[in-house]
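Participant: Below: one structure in structure tokens.
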Amino acid sequence: MEWKELKAGRNYHLTADYQHYSVPYRLAGRLLRVRLTTSTVTIFDGADIVCEHRRLKGRKGQYSTLPEHVPAQHRDIEGLWSRSWFIDRARAFGPATVTVIEQILDRHVIEAQGYLDCQNILSGLGKRNRPRLEAACQELVNRSGHATYSTLKRIMAAIDSDAKATRPNIAAASSVRRGDPKAVGPDVFVRDASHYATGGQVER
């Protein structure tokens with residue numbers, strides 16, 4: 001048996017050993033006591049048992065969300081994340097970011113299970129990089145990709161790498177063929193060899 005003190009997030013879930021467990025939404029932001037055994041996770045508010053979950057194992061980042069913990073509506077509930085909360089913030093990045101955030105929220109049966117992903121994308125990847133995140137989201141939408149934090153991070157890295165790539169060399173004026181009006185501008189004068197020749201010899 002193990003005891004921990006954990007804070008319930010704005011998505012009314014707390015995280016223990018990289019897995020997420022719901023609590024009643026009214027407890028969002030509260031510090032709660034958590035008892036972990038090999039099979040169960042029991043959550044306490046003071047001495048009172050709030051709820052109990054089957055302990056999640058295996059892949060990190062799984063959710064256990066009890067239906068009675070989900071608010072009847074997600075709008076205008078102070079202190080909680082909501083669909084409108086994330087979409088409003090995504091609009092500051094651009095329409096492609098809004099589309100990606102909506103896709104993440106729509107693919108979860110319980111919408112709140114997508115809130116942490118949305119927060120990590122907007123506040124993590126998007127911090128100081130709004131244009132790049134919008135460009136990455138547009139690229140993902142264009143290719144009809146599966147929107148995840150990791151996928152967007154890879155696309156942003158590729159965009160950054162392309163921006164830093166060496167630009168192709170531009171031919172110098174000396175390599176331009178004489179008499180090519182397209183290559184020689186009005187301010188460029190090209191003299192042929194006869195200008196330098198004196199008695200058949202080229203001046204040195």
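Convention: chains lettered A, B, ... in structure tokens order; per-chain residue numbering from 1; ligands numbered from 1 as shown.
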What's around Glu68 of chain A at 10 Å? Count only C-alpha atoms, leave out sequence neighbours fewer than 6 positions away in its own chain, and write the answer as a list in words.

Facilitator: Ser22, Val23, Pro24 and Tyr25 of chain A

Participant: Rounded to one decimal, what separation in Å do you get between atom CA of Ala157 of chain A and atom CA of Glu134 of chain A?

Facilitator: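 If I compute the distance from atom CA of Ala157 of chain A to atom CA of Glu134 of chain A, I get 13.1 Å.
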
Participant: Interatomic distance between atom CA of Phe44 of chain A and atom CA of Glu2 of chain A?

Facilitator: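 Going from atom CA of Phe44 of chain A over to atom CA of Glu2 of chain A, I get 13.4 Å.
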
Participant: Between A:Leu125, A:Met1, A:Leu116, A:Val50, which has the minimum distance to Tyr63 of chain A (counting only C-alpha atoms)?

Facilitator: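 Among the listed residues, A:Leu116 lies closest to Tyr63 of chain A.
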
Participant: Using only C-alpha atoms, which residue out of A:Val109, A:Ile121, A:Leu31, A:Leu152 lies closest to Gln138 of chain A?

Facilitator: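 Closest candidate: A:Leu152.
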
Participant: Tell me, as a ChimeraX atom specification, which residues lie within 10 Å of Trp3 of chain A, counting only C-alpha atoms; anything in the same chain fewer than 2 positions away does not count.

Facilitator: /A:1,5-6,33-37,41-43

Participant: Produce a file of the selected residues containing N, CA and C atoms, as a short mmCIF file (atom, residue, chain, number, x, y, z; two decimals), in the first residue's frame.

Facilitator:
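The resulting out24.cif:
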data_model
loop_
_atom_site.label_atom_id
_atom_site.label_comp_id
_atom_site.auth_asym_id
_atom_site.auth_seq_id
_atom_site.Cartn_x
_atom_site.Cartn_y
_atom_site.Cartn_z
N MET A 1 0.84 -1.19 0.00
CA MET A 1 0.00 0.00 0.00
C MET A 1 0.88 1.25 0.00
N GLU A 5 -0.29 12.51 -1.70
CA GLU A 5 -1.14 13.70 -1.74
C GLU A 5 -1.04 14.28 -3.14
N LEU A 6 -2.18 14.33 -3.83
CA LEU A 6 -2.19 14.75 -5.23
C LEU A 6 -3.26 15.80 -5.47
N ARG A 33 -5.94 13.13 -0.68
CA ARG A 33 -5.12 11.98 -0.28
C ARG A 33 -5.51 10.79 -1.13
N VAL A 34 -4.49 10.04 -1.58
CA VAL A 34 -4.73 8.91 -2.48
C VAL A 34 -4.04 7.67 -1.93
N ARG A 35 -4.82 6.60 -1.84
CA ARG A 35 -4.28 5.31 -1.37
C ARG A 35 -4.19 4.37 -2.56
N LEU A 36 -2.97 3.90 -2.85
CA LEU A 36 -2.73 3.03 -3.99
C LEU A 36 -2.38 1.63 -3.51
N THR A 37 -3.10 0.64 -4.02
CA THR A 37 -2.73 -0.75 -3.81
C THR A 37 -2.47 -1.37 -5.18
N VAL A 41 -7.33 2.24 -6.55
CA VAL A 41 -6.92 3.60 -6.21
C VAL A 41 -8.09 4.23 -5.47
N THR A 42 -7.88 4.54 -4.20
CA THR A 42 -8.93 5.12 -3.38
C THR A 42 -8.58 6.57 -3.07
N ILE A 43 -9.53 7.46 -3.29
CA ILE A 43 -9.28 8.90 -3.15
C ILE A 43 -10.08 9.44 -1.97
#

Participant: Please list as an MDAnalysis selection string every residue within 10 Å of Thr97 of chain A, counting only C-alpha atoms and excluding residues in the same chain fewer than 6 positions away.

Facilitator: chainID A and resid 87 89:91 103 121:122 126 130 133:138 140:141

Participant: Pull C-alpha atoms from the residues just selected and write them as a compact mmCIF listing (two decimals), in the first residue's frame.

Facilitator:
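Written output follows (result.txt):
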# COMPACT_ATOMS: atom_id res chain seq x y z
CA ILE A 87 -11.47 26.44 -28.65
CA ARG A 89 -7.66 29.84 -27.00
CA ALA A 90 -7.07 27.91 -30.22
CA ARG A 91 -8.63 30.78 -32.21
CA GLN A 103 -10.68 16.67 -33.55
CA ILE A 121 -0.45 21.38 -27.37
CA LEU A 122 -1.57 24.97 -26.82
CA GLY A 126 2.35 26.75 -28.86
CA ARG A 130 2.12 30.34 -32.46
CA LEU A 133 1.98 25.51 -34.37
CA GLU A 134 -0.65 26.86 -36.77
CA ALA A 135 1.54 25.80 -39.73
CA ALA A 136 1.97 22.31 -38.22
CA CYS A 137 -1.79 22.00 -37.63
CA GLN A 138 -2.46 23.05 -41.23
CA LEU A 140 -1.73 17.79 -40.32
CA VAL A 141 -5.18 18.81 -41.61

Participant: For Thr99 of chain A, which residue among A:Gln113, A:Gly29, A:Asn142, A:Lys153 is the nearest when counting only C-alpha atoms?

Facilitator: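 The closest residue to Thr99 of chain A is A:Asn142.
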
Participant: Which residue, A:Tyr18, A:Asp45, A:Val70, A:Trp85, has the smallest gap to Gly58 of chain A when you use only C-alpha atoms?

Facilitator: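 Nearest candidate to Gly58 of chain A out of A:Tyr18, A:Asp45, A:Val70, A:Trp85: A:Tyr18.
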